[in-house]
file target23.csv (CSV, C-alpha atoms and all ligand atoms)
chain,number,residue,atom,x,y,z
A,1,MET,CA,0.0,0.0,0.0
A,2,ASN,CA,2.9,2.3,0.8
A,3,ASN,CA,4.4,1.5,-2.5
A,4,ILE,CA,1.2,2.6,-4.3
A,5,GLU,CA,1.2,5.9,-2.4
A,6,GLU,CA,4.9,6.5,-3.3
A,7,ILE,CA,4.2,5.8,-7.0
A,8,VAL,CA,1.4,8.3,-7.1
A,9,LYS,CA,3.6,10.9,-5.4
A,10,LYS,CA,6.5,10.4,-7.7
A,11,ALA,CA,4.2,10.4,-10.8
A,12,SER,CA,2.5,13.7,-9.7
A,13,GLU,CA,5.9,15.4,-9.2
A,14,GLN,CA,7.1,14.3,-12.6
A,15,ILE,CA,3.9,15.3,-14.4
A,16,GLN,CA,4.0,18.8,-12.7
A,17,LYS,CA,7.5,19.3,-13.9
A,18,ALA,CA,6.9,18.0,-17.5
A,19,GLN,CA,7.9,20.8,-19.9
A,20,ASN,CA,5.8,19.7,-22.9
A,21,LEU,CA,2.9,17.5,-24.1
A,22,GLU,CA,5.3,14.7,-25.2
A,23,ALA,CA,6.8,14.5,-21.8
A,24,VAL,CA,3.3,14.2,-20.3
A,25,GLU,CA,2.4,11.5,-22.8
A,26,ALA,CA,5.6,9.6,-22.0
A,27,LEU,CA,4.8,9.7,-18.2
A,28,LYS,CA,1.2,8.5,-19.0
A,29,THR,CA,2.8,5.4,-20.7
A,30,GLN,CA,5.3,5.0,-17.9
A,31,TYR,CA,2.5,4.7,-15.3
A,32,LEU,CA,-0.7,3.8,-17.0
A,33,GLY,CA,0.4,2.2,-20.3
A,34,LYS,CA,0.2,-1.5,-21.2
A,35,SER,CA,3.3,-2.3,-19.2
A,36,GLY,CA,3.1,0.9,-17.0
A,37,GLU,CA,3.8,0.7,-13.2
A,38,ILE,CA,0.2,0.9,-12.1
A,39,THR,CA,-1.0,-1.5,-14.9
A,40,LYS,CA,1.6,-4.0,-13.8
A,41,LEU,CA,0.4,-3.9,-10.3
A,42,LEU,CA,-3.2,-4.3,-11.5
A,43,LYS,CA,-2.2,-7.4,-13.4
A,44,SER,CA,-0.5,-8.8,-10.4
A,45,LEU,CA,-3.8,-8.7,-8.4
A,46,SER,CA,-4.5,-12.4,-9.3
A,47,GLU,CA,-1.8,-13.3,-6.9
A,48,TYR,CA,-3.8,-12.1,-3.9
A,49,SER,CA,-6.8,-13.4,-2.0
A,50,VAL,CA,-10.3,-12.1,-2.7
A,51,GLU,CA,-10.2,-9.8,0.3
A,52,GLU,CA,-6.8,-8.3,-0.6
A,53,LYS,CA,-7.8,-8.0,-4.3
A,54,LYS,CA,-10.7,-5.8,-3.2
A,55,LYS,CA,-8.6,-3.6,-1.0
A,56,ILE,CA,-5.6,-3.2,-3.3
A,57,GLY,CA,-7.7,-3.1,-6.4
A,58,ALA,CA,-9.6,-0.1,-4.9
A,59,LEU,CA,-6.4,1.6,-4.0
A,60,LEU,CA,-4.9,1.0,-7.5
A,61,ASN,CA,-8.0,2.4,-9.1
A,62,CYS,CA,-7.8,5.5,-7.0
A,63,ALA,CA,-4.1,5.9,-7.9
A,64,LYS,CA,-4.9,5.5,-11.6
A,65,LYS,CA,-7.6,8.2,-11.3
A,66,ASP,CA,-5.2,10.5,-9.3
A,67,ILE,CA,-2.5,10.2,-12.0
A,68,GLU,CA,-5.0,10.7,-14.8
A,69,ALA,CA,-6.3,13.9,-13.1
A,70,GLU,CA,-2.7,15.1,-12.7
A,71,ILE,CA,-2.1,14.5,-16.4
A,72,GLU,CA,-5.3,16.3,-17.4
A,73,LYS,CA,-4.3,19.3,-15.2
A,74,ARG,CA,-0.9,19.5,-16.9
A,75,LYS,CA,-2.5,19.2,-20.4
A,76,GLU,CA,-4.9,22.0,-19.6
A,77,PHE,CA,-2.0,24.2,-18.5
A,78,PHE,CA,-0.3,23.6,-21.8
A,79,ALA,CA,-3.6,24.3,-23.7
A,80,SER,CA,-3.8,27.7,-22.0
A,81,PHE,CA,-0.9,28.7,-24.3
A,82,GLU,CA,-2.4,28.6,-27.8
A,83,THR,CA,0.4,26.7,-29.3
A,84,GLU,CA,3.5,25.0,-28.1
A,85,GLU,CA,5.5,27.7,-29.9
A,86,ASN,CA,3.8,30.4,-27.9
A,87,MET,CA,4.5,28.5,-24.7
A,88,LYS,CA,8.2,28.3,-25.5
A,89,LYS,CA,8.3,32.0,-26.2
A,90,GLU,CA,6.4,32.7,-23.1
A,91,ARG,CA,8.8,30.7,-21.0
A,92,THR,CA,11.9,32.2,-22.5
A,93,ASP,CA,10.8,35.9,-22.6
A,94,PHE,CA,13.1,37.5,-20.1
A,95,SER,CA,12.6,41.0,-21.4
A,96,SER,CA,10.7,42.1,-18.3
A,97,ALA,CA,13.5,40.8,-16.1
A,98,PHE,CA,15.9,43.2,-17.9
A,99,SER,CA,13.7,46.2,-18.4
A,100,PHE,CA,14.1,49.1,-16.0
A,101,ASN,CA,11.4,51.6,-15.1
A,102,PHE,CA,13.4,54.7,-15.7
A,103,PRO,CA,11.6,57.5,-13.8
A,104,LYS,CA,10.4,60.3,-16.1
A,105,GLY,CA,11.8,63.8,-15.2
A,106,HIS,CA,10.0,67.1,-15.5
A,107,LEU,CA,10.8,70.7,-15.9
A,108,HIS,CA,12.4,72.6,-13.0
A,109,PRO,CA,10.0,74.9,-11.2
A,110,ILE,CA,11.9,77.9,-12.5
A,111,SER,CA,11.6,76.7,-16.1
A,112,GLN,CA,7.9,75.9,-15.5
A,113,THR,CA,7.3,79.4,-14.2
A,114,ILE,CA,9.2,80.9,-17.2
A,115,GLU,CA,7.0,78.8,-19.6
A,116,ASP,CA,3.8,79.8,-17.8
A,117,ILE,CA,4.7,83.5,-18.0
A,118,SER,CA,5.9,83.3,-21.6
A,119,ALA,CA,2.7,81.5,-22.7
A,120,ILE,CA,0.6,84.5,-21.4
A,121,PHE,CA,2.8,87.0,-23.2
A,122,LYS,CA,2.8,84.9,-26.3
A,123,SER,CA,-1.0,85.0,-26.3
A,124,LEU,CA,-0.7,88.8,-26.2
A,125,GLY,CA,1.5,88.8,-29.3
A,126,PHE,CA,5.0,88.8,-27.8
A,127,GLU,CA,7.9,86.9,-29.4
A,128,THR,CA,10.7,85.3,-27.3
A,129,ALA,CA,14.4,86.3,-27.8
A,130,GLN,CA,17.6,85.2,-26.0
A,131,GLY,CA,20.5,87.4,-25.1
A,132,PRO,CA,24.1,86.5,-24.1
A,133,GLU,CA,24.9,86.1,-20.4
A,134,ILE,CA,28.3,87.7,-20.9
A,135,GLU,CA,27.9,91.4,-21.8
A,136,THR,CA,29.9,94.5,-22.2
A,137,ASP,CA,29.4,97.7,-20.2
A,138,TRP,CA,27.6,99.2,-23.2
A,139,TYR,CA,24.8,96.7,-23.3
A,140,ASN,CA,24.4,96.2,-19.6
A,141,PHE,CA,24.7,99.9,-18.5
A,142,GLU,CA,25.6,102.5,-21.0
A,143,ALA,CA,23.0,102.0,-23.7
A,144,LEU,CA,20.4,101.6,-20.9
A,145,ASN,CA,21.1,105.2,-19.7
A,146,HIS,CA,22.8,104.2,-16.5
A,147,PRO,CA,24.8,107.2,-15.3
A,148,ALA,CA,28.5,106.7,-14.9
A,149,ASP,CA,28.2,106.8,-11.1
A,150,HIS,CA,25.3,104.5,-10.9
A,151,PRO,CA,25.8,102.1,-7.9
A,152,ALA,CA,25.0,99.0,-9.9
A,153,ARG,CA,28.2,99.6,-11.8
A,154,ASP,CA,30.2,99.0,-8.6
A,155,ILE,CA,32.1,95.7,-8.4
A,156,GLN,CA,30.2,95.1,-5.2
A,157,ASP,CA,27.1,94.5,-7.4
A,158,THR,CA,28.5,93.4,-10.7
A,159,PHE,CA,30.7,90.4,-11.6
A,160,TYR,CA,33.3,91.8,-13.9
A,161,LEU,CA,35.3,89.3,-16.0
A,162,GLU,CA,39.1,89.5,-16.3
A,163,GLY,CA,40.3,92.8,-17.6
A,164,MET,CA,37.0,94.5,-16.6
A,165,LYS,CA,36.0,94.7,-20.2
A,166,ASN,CA,33.2,92.1,-20.0
A,167,LEU,CA,30.7,91.4,-17.2
A,168,LEU,CA,28.0,88.9,-16.3
A,169,ARG,CA,24.7,90.6,-17.1
A,170,THR,CA,23.1,91.9,-13.9
A,171,HIS,CA,19.6,92.0,-15.6
A,172,THR,CA,17.9,90.9,-18.8
A,173,SER,CA,17.4,94.5,-19.9
A,174,PRO,CA,20.5,94.4,-22.3
A,175,GLY,CA,18.2,92.0,-24.3
A,176,GLN,CA,16.2,95.1,-25.2
A,177,ILE,CA,19.3,96.7,-26.8
A,178,HIS,CA,20.2,93.6,-28.8
A,179,VAL,CA,16.7,93.2,-30.1
A,180,MET,CA,16.4,96.9,-31.1
A,181,GLU,CA,19.9,96.8,-32.8
A,182,ASN,CA,18.8,94.0,-35.0
A,183,GLN,CA,15.2,94.9,-35.7
A,184,GLN,CA,13.0,97.9,-36.6
A,185,PRO,CA,9.7,98.6,-34.9
A,186,PRO,CA,7.1,97.3,-34.4
A,187,ILE,CA,8.7,95.3,-31.6
A,188,LYS,CA,7.0,93.1,-29.1
A,189,VAL,CA,9.4,90.7,-27.4
A,190,ILE,CA,10.2,89.0,-24.1
A,191,VAL,CA,13.7,88.0,-23.1
A,192,PRO,CA,13.9,85.3,-20.4
A,193,GLY,CA,17.2,84.4,-18.9
A,194,ARG,CA,19.7,84.0,-16.2
A,195,VAL,CA,21.3,87.0,-14.5
A,196,TYR,CA,24.1,87.5,-12.0
A,197,ARG,CA,24.7,89.8,-9.0
A,198,ASN,CA,27.7,89.9,-6.8
A,199,GLU,CA,26.0,89.4,-3.5
A,200,ALA,CA,26.0,86.9,-0.7
A,201,SER,CA,23.2,84.4,-0.8
A,202,ASP,CA,20.6,84.1,1.9
A,203,ALA,CA,16.9,83.0,2.0
A,204,SER,CA,15.9,85.8,-0.4
A,205,HIS,CA,19.1,86.5,-2.3
A,206,SER,CA,21.1,84.5,-4.8
A,207,SER,CA,24.1,85.5,-6.9
A,208,THR,CA,22.3,83.8,-9.8
A,209,PHE,CA,18.6,84.1,-10.6
A,210,HIS,CA,16.3,84.6,-13.5
A,211,GLN,CA,14.4,87.5,-15.1
A,212,ILE,CA,12.0,88.0,-18.0
A,213,GLU,CA,12.5,91.3,-19.8
A,214,GLY,CA,9.6,92.7,-21.9
A,215,LEU,CA,9.7,95.4,-24.6
A,216,SER,CA,7.2,96.8,-26.9
A,217,VAL,CA,8.1,99.7,-29.3
A,218,ASP,CA,6.0,101.2,-32.1
A,219,LYS,CA,4.4,104.5,-33.2
A,220,ASN,CA,1.9,105.7,-30.6
A,221,VAL,CA,2.7,103.2,-27.8
A,222,THR,CA,1.4,104.8,-24.6
A,223,PHE,CA,1.3,104.2,-20.8
A,224,ILE,CA,-2.2,102.8,-21.4
A,225,ASP,CA,-0.7,100.0,-23.5
A,226,LEU,CA,1.7,99.3,-20.7
A,227,LYS,CA,-1.0,99.2,-18.1
A,228,SER,CA,-3.4,97.1,-20.1
A,229,THR,CA,-0.8,94.5,-21.2
A,230,LEU,CA,0.6,94.1,-17.7
A,231,THR,CA,-2.8,94.0,-16.1
A,232,LEU,CA,-3.8,91.2,-18.5
A,233,TYR,CA,-0.6,89.3,-17.6
A,234,ALA,CA,-1.2,89.7,-13.9
A,235,ARG,CA,-4.9,88.7,-14.1
A,236,ASN,CA,-4.1,85.6,-16.1
A,237,PHE,CA,-1.2,84.6,-13.9
A,238,PHE,CA,-2.5,85.4,-10.4
A,239,GLY,CA,-6.2,85.3,-10.9
A,240,PHE,CA,-9.0,87.6,-12.0
A,241,ASP,CA,-10.3,88.2,-8.5
A,242,LEU,CA,-7.3,90.1,-7.3
A,243,ASP,CA,-6.7,93.9,-7.5
A,244,ILE,CA,-3.6,95.4,-9.0
A,245,ARG,CA,-2.0,98.8,-8.7
A,246,PHE,CA,0.9,100.8,-10.2
A,247,ARG,CA,3.2,102.8,-8.0
A,248,PRO,CA,5.7,105.5,-9.3
A,249,SER,CA,9.3,104.3,-9.2
A,250,TYR,CA,12.7,104.9,-10.7
A,251,PHE,CA,14.8,103.1,-13.3
A,252,PRO,CA,17.4,104.8,-15.4
A,253,PHE,CA,16.1,103.2,-18.7
A,254,THR,CA,12.5,104.2,-18.3
A,255,GLU,CA,10.6,107.5,-17.8
A,256,PRO,CA,8.2,107.5,-16.2
A,257,SER,CA,8.9,104.3,-14.3
A,258,ALA,CA,6.5,102.3,-12.1
A,259,GLU,CA,6.3,99.1,-10.0
A,260,MET,CA,3.3,96.9,-10.2
A,261,ASP,CA,1.7,95.3,-7.2
A,262,VAL,CA,-0.9,92.6,-7.1
A,263,GLN,CA,-3.2,92.2,-4.1
A,264,CYS,CA,-1.7,89.6,-1.7
A,265,PHE,CA,-3.0,86.3,-2.9
A,266,PHE,CA,-2.4,84.7,0.5
A,267,CYS,CA,-4.6,87.1,2.6
A,268,LYS,CA,-6.6,88.7,-0.3
A,269,GLY,CA,-5.4,92.1,0.7
A,270,LYS,CA,-6.1,91.9,4.5
A,271,GLY,CA,-2.4,92.0,5.4
A,272,CYS,CA,-0.3,89.0,6.4
A,273,GLY,CA,3.3,87.8,6.9
A,274,VAL,CA,3.9,87.3,3.1
A,275,CYS,CA,2.9,90.9,2.2
A,276,LYS,CA,4.4,92.2,5.4
A,277,GLY,CA,1.0,93.6,6.5
A,278,THR,CA,0.6,95.8,3.4
A,279,GLY,CA,-1.9,93.6,1.5
A,280,TRP,CA,0.1,94.1,-1.7
A,281,ILE,CA,3.0,92.2,-3.3
A,282,GLU,CA,5.3,93.8,-5.8
A,283,ILE,CA,5.6,91.7,-9.0
A,284,LEU,CA,7.5,93.7,-11.5
A,285,GLY,CA,9.2,96.9,-12.6
A,286,CYS,CA,8.2,98.8,-15.7
A,287,GLY,CA,8.0,102.1,-17.5
A,288,MET,CA,8.1,104.0,-20.8
A,289,VAL,CA,11.4,103.4,-22.6
A,290,HIS,CA,13.7,106.4,-22.0
A,291,PRO,CA,14.3,108.5,-25.2
A,292,ASN,CA,18.1,108.1,-24.5
A,293,VAL,CA,17.7,104.3,-24.8
A,294,LEU,CA,15.9,104.7,-28.2
A,295,LYS,CA,18.7,107.1,-29.3
A,296,ALA,CA,21.4,104.6,-28.2
A,297,VAL,CA,20.0,102.1,-30.8
A,298,LYS,CA,19.5,104.9,-33.4
A,299,TYR,CA,15.7,104.8,-33.3
A,300,ASP,CA,14.0,108.1,-34.0
A,301,SER,CA,12.7,108.9,-30.5
A,302,GLU,CA,10.3,111.5,-32.0
A,303,LYS,CA,8.7,108.8,-34.1
A,304,TYR,CA,8.7,105.8,-31.8
A,305,THR,CA,7.7,105.2,-28.2
A,306,GLY,CA,7.7,102.0,-26.1
A,307,TYR,CA,7.3,100.4,-22.8
A,308,ALA,CA,9.5,97.9,-21.0
A,309,PHE,CA,9.2,95.7,-18.0
A,310,GLY,CA,11.2,93.3,-15.9
A,311,ILE,CA,9.9,90.3,-14.0
A,312,GLY,CA,11.9,88.5,-11.3
A,313,VAL,CA,11.1,84.8,-11.9
A,314,GLU,CA,12.3,83.3,-8.6
A,315,ARG,CA,10.2,85.8,-6.7
A,316,ILE,CA,7.1,84.9,-8.7
A,317,ALA,CA,7.8,81.1,-8.3
A,318,MET,CA,8.3,81.5,-4.5
A,319,LEU,CA,5.0,83.3,-4.2
A,320,LYS,CA,3.1,80.9,-6.4
A,321,TYR,CA,4.4,77.8,-4.7
A,322,GLY,CA,4.8,79.2,-1.2
A,323,ILE,CA,8.6,78.7,-1.0
A,324,ASP,CA,10.4,80.6,1.7
A,325,ASP,CA,14.1,80.1,0.7
A,326,ILE,CA,15.4,80.9,-2.8
A,327,ARG,CA,18.4,78.6,-2.3
A,328,LEU,CA,16.1,75.6,-2.6
A,329,PHE,CA,15.9,76.2,-6.4
A,330,TYR,CA,19.6,75.6,-6.9
A,331,GLU,CA,20.4,72.7,-4.5
A,332,ASN,CA,18.8,70.1,-6.8
A,333,ASP,CA,17.4,68.2,-3.8
A,334,LEU,CA,15.1,65.6,-5.5
A,335,ARG,CA,12.8,65.7,-2.4
A,336,PHE,CA,12.2,69.4,-3.3
A,337,LEU,CA,12.1,69.1,-7.1
A,338,ARG,CA,9.7,66.1,-7.1
A,339,GLN,CA,7.0,68.3,-5.6
A,340,PHE,CA,6.5,70.2,-8.9
B,401,LIG,N1,16.3,95.6,-15.0
B,401,LIG,C1,15.5,95.8,-13.8
B,401,LIG,C2,16.1,95.1,-12.6
B,401,LIG,O1,16.9,94.3,-12.8
B,401,LIG,C3,14.1,95.4,-14.0
B,401,LIG,C4,13.3,96.3,-14.9
B,401,LIG,C5,12.6,97.3,-14.4
B,401,LIG,C6,13.3,96.1,-16.2
B,401,LIG,C7,11.9,98.2,-15.2
B,401,LIG,C8,12.6,96.9,-17.1
B,401,LIG,C9,11.9,98.0,-16.6
B,401,LIG,O2,12.6,96.7,-18.4
B,401,LIG,O3,11.2,98.8,-17.4
B,401,LIG,O4,15.7,95.4,-11.5
call {"tool": "encode", "arguments": {"input": "target23.csv", "output": "structure tokens", "more": "lines below"}}
Ligand code: DAH
result
Amino acid sequence: MNNIEEIVKKASEQIQKAQNLEAVEALKTQYLGKSGEITKLLKSLSEYSVEEKKKIGALLNCAKKDIEAEIEKRKEFFASFETEENMKKERTDFSSAFSFNFPKGHLHPISQTIEDISAIFKSLGFETAQGPEIETDWYNFEALNHPADHPARDIQDTFYLEGMKNLLRTHTSPGQIHVMENQQPPIKVIVPGRVYRNEASDASHSSTFHQIEGLSVDKNVTFIDLKSTLTLYARNFFGFDLDIRFRPSYFPFTEPSAEMDVQCFFCKGKGCGVCKGTGWIEILGCGMVHPNVLKAVKYDSEKYTGYAFGIGVERIAMLKYGIDDIRLFYENDLRFLRQF
């Protein structure tokens, strides 16, 4: 009786391991065929008494059924692959074992902010231009009507390159000069890019940051055009429910000059820590292009007028995403970057 049990166990193991139909058929013959192990035992029943025949016969019939069931199960498993060819392929397809799920990256929050702002100006008819990060004094200061004693020219604020002839641009405004030198009005352009200031970094200062310069020059461009364009930008970017205001300001390259504030979007103008209790947040500098700037690029300042503006990208991104330390943008800590 033990022998029968062992045969069934061994047969089951072999059938479960069989790799194709032929192997299963061979096992069927080995156990249940004319001279198979179970068949032989059935044939030998005549040697036993009637009592034993009954008992052993019943056991052998059970064993036969068990082995047949195991064979059917294995055959069904093979049938679940449409063809044996498929089964072979299935069994040897290791592609998933060697494929890696490379994580997809995304744009840096500063790039995202530049794209969001650019998209709004694009919808208002502005083209995008690029300017060099290494500039001469002419482009960065002189042509932009900076007086010779302007504090920004100090090496405390500006990174001068060897020989003091070239410098790292301190703002994207020199982009205005390049565009006007290469193009006649009408001009409607934005110049996004990286700028440099020679200052120690802290939570709100960085020696490298980004700006978007804007310039529109044509006949009859007025302060109304400036206000309406920048109002549309602010409403689209910050929301239509927030108030905006223009405050008089000073920049050497614009006259008159202004700064634009948007109602604090954290407290909706009530006054909070972000807006330092004022209810307003400054979002850009702007003004009507100074006639001296138009003259510097040999435009007829009697014929043409224009407006310009400069947006600090980090500042906007920090406000939009509620970031309180500008240095987070440059540390490339994935725990920070993955949140955008
Ligand atoms: N260049 C200025 C700065 O870096 C920003 C700016 C202000 C640009 C007013 C302009 C403008 O074009 O009209 O702070």
call {"tool": "atom_distance", "arguments": {"input": "target23.csv", "atom1": "CA of Lys73 in chain A", "atom2": "CA of Gln19 in chain A"}}
result
13.2 Å
call {"tool": "closest_residue", "arguments": {"input": "target23.csv", "among": "A:Pro151, A:Gly163, A:Gly214, A:Gly33", "to": "Lys122 in chain A", "atoms": "only C-alpha atoms"}}
result
A:Gly214
call {"tool": "atom_distance", "arguments": {"input": "target23.csv", "atom1": "CA of Ala308 in chain A", "atom2": "CA of Asn182 in chain A"}}
result
17.3 Å
call {"tool": "closest_residue", "arguments": {"input": "target23.csv", "among": "A:Thr158, A:Thr128, A:Ser173, A:Gln16", "to": "ligand LIG 401 (chain B)", "atoms": "only C-alpha atoms and all ligand atoms"}}
result
A:Ser173
call {"tool": "closest_residue", "arguments": {"input": "target23.csv", "among": "A:Arg338, A:Arg245, A:Arg74, A:Arg197", "to": "ligand LIG 401 (chain B)", "atoms": "only C-alpha atoms and all ligand atoms"}}
result
A:Arg197
call {"tool": "closest_residue", "arguments": {"input": "target23.csv", "among": "A:Met318, A:Ala69, A:Ile134, A:Leu232", "to": "Lys165 in chain A", "atoms": "all atoms listed in the file"}}
result
A:Ile134
call {"tool": "residues_near_ligand", "arguments": {"input": "target23.csv", "ligand": "ligand LIG 401 (chain B)", "cutoff": "9 Å", "atoms": "only C-alpha atoms and all ligand atoms", "output": "PyMOL selection string"}}
result
chain A and resi 170-174+176+195+211-215+249-255+257-259+284-289+307-312
call {"tool": "atom_distance", "arguments": {"input": "target23.csv", "atom1": "CA of Cys264 in chain A", "atom2": "CA of Arg235 in chain A"}}
result
12.8 Å
call {"tool": "residues_around", "arguments": {"input": "target23.csv", "residues": "Ile71 in chain A", "least_positions_apart": "3", "cutoff": "10 Å", "atoms": "all atoms listed in the file", "output": "short mmCIF file (atom, residue, chain, number, x, y, z; two decimals) with C-alpha atoms, in the frame of the given file"}}
result
data_model
loop_
_atom_site.label_atom_id
_atom_site.label_comp_id
_atom_site.auth_asym_id
_atom_site.auth_seq_id
_atom_site.Cartn_x
_atom_site.Cartn_y
_atom_site.Cartn_z
CA ALA A 11 4.20 10.40 -10.80
CA SER A 12 2.50 13.70 -9.70
CA GLN A 14 7.10 14.30 -12.60
CA ILE A 15 3.90 15.30 -14.40
CA GLN A 16 4.00 18.80 -12.70
CA ALA A 18 6.90 18.00 -17.50
CA LEU A 21 2.90 17.50 -24.10
CA VAL A 24 3.30 14.20 -20.30
CA GLU A 25 2.40 11.50 -22.80
CA LEU A 27 4.80 9.70 -18.20
CA LYS A 28 1.20 8.50 -19.00
CA LYS A 65 -7.60 8.20 -11.30
CA ASP A 66 -5.20 10.50 -9.30
CA ILE A 67 -2.50 10.20 -12.00
CA GLU A 68 -5.00 10.70 -14.80
CA ARG A 74 -0.90 19.50 -16.90
CA LYS A 75 -2.50 19.20 -20.40
CA GLU A 76 -4.90 22.00 -19.60
CA PHE A 77 -2.00 24.20 -18.50
#
call {"tool": "closest_residue", "arguments": {"input": "target23.csv", "among": "A:Asp261, A:Glu282, A:Asp243, A:Asp202", "to": "Asp324 in chain A", "atoms": "all atoms listed in the file"}}
result
A:Asp202
call {"tool": "closest_residue", "arguments": {"input": "target23.csv", "among": "A:Cys267, A:Leu328, A:Ile281, A:Ile190", "to": "Leu124 in chain A", "atoms": "only C-alpha atoms"}}
result
A:Ile190
call {"tool": "residues_around", "arguments": {"input": "target23.csv", "residues": "Ser111 in chain A", "least_positions_apart": "6", "cutoff": "12 Å", "atoms": "all atoms listed in the file", "output": "list in words"}}
result
Ile117, Ser118, Pro192, Gly193, Arg194, Phe209, His210, Gln211, Ile212, Val313, Glu314, Ile316, Ala317, Phe329, Leu337 and Phe340 of chain A
call {"tool": "residues_around", "arguments": {"input": "target23.csv", "residues": "Lys219 in chain A", "least_positions_apart": "6", "cutoff": "10 Å", "atoms": "only C-alpha atoms", "output": "list in words"}}
result
Pro185, Pro186, Ser301, Glu302, Lys303, Tyr304, Thr305 and Gly306 of chain A
call {"tool": "write_last_selection", "arguments": {"input": "target23.csv", "atoms": "C-alpha atoms", "output": "short mmCIF file (atom, residue, chain, number, x, y, z; two decimals), keeping the file's coordinate frame"}}
result
data_model
loop_
_atom_site.label_atom_id
_atom_site.label_comp_id
_atom_site.auth_asym_id
_atom_site.auth_seq_id
_atom_site.Cartn_x
_atom_site.Cartn_y
_atom_site.Cartn_z
CA PRO A 185 9.70 98.60 -34.90
CA PRO A 186 7.10 97.30 -34.40
CA SER A 301 12.70 108.90 -30.50
CA GLU A 302 10.30 111.50 -32.00
CA LYS A 303 8.70 108.80 -34.10
CA TYR A 304 8.70 105.80 -31.80
CA THR A 305 7.70 105.20 -28.20
CA GLY A 306 7.70 102.00 -26.10
#
call {"tool": "decode", "arguments": {"input": "target23.csv", "residues": "range 178-197 of chain A", "atoms": "C-alpha atoms", "output": "JSON list (two decimals), in the first residue's frame"}}
result
[["chain", "number", "residue", "atom", "x", "y", "z"],
["A", 178, "HIS", "CA", 20.20, 93.56, -28.80],
["A", 179, "VAL", "CA", 16.67, 93.23, -30.14],
["A", 180, "MET", "CA", 16.42, 96.92, -31.13],
["A", 181, "GLU", "CA", 19.85, 96.84, -32.77],
["A", 182, "ASN", "CA", 18.75, 93.96, -34.97],
["A", 183, "GLN", "CA", 15.16, 94.90, -35.70],
["A", 184, "GLN", "CA", 13.04, 97.88, -36.61],
["A", 185, "PRO", "CA", 9.71, 98.59, -34.90],
["A", 186, "PRO", "CA", 7.10, 97.32, -34.40],
["A", 187, "ILE", "CA", 8.68, 95.25, -31.63],
["A", 188, "LYS", "CA", 6.95, 93.09, -29.09],
["A", 189, "VAL", "CA", 9.36, 90.74, -27.39],
["A", 190, "ILE", "CA", 10.21, 89.04, -24.11],
["A", 191, "VAL", "CA", 13.74, 87.98, -23.14],
["A", 192, "PRO", "CA", 13.85, 85.34, -20.40],
["A", 193, "GLY", "CA", 17.20, 84.36, -18.94],
["A", 194, "ARG", "CA", 19.71, 83.99, -16.15],
["A", 195, "VAL", "CA", 21.27, 87.01, -14.48],
["A", 196, "TYR", "CA", 24.07, 87.50, -11.96],
["A", 197, "ARG", "CA", 24.66, 89.78, -9.00]]
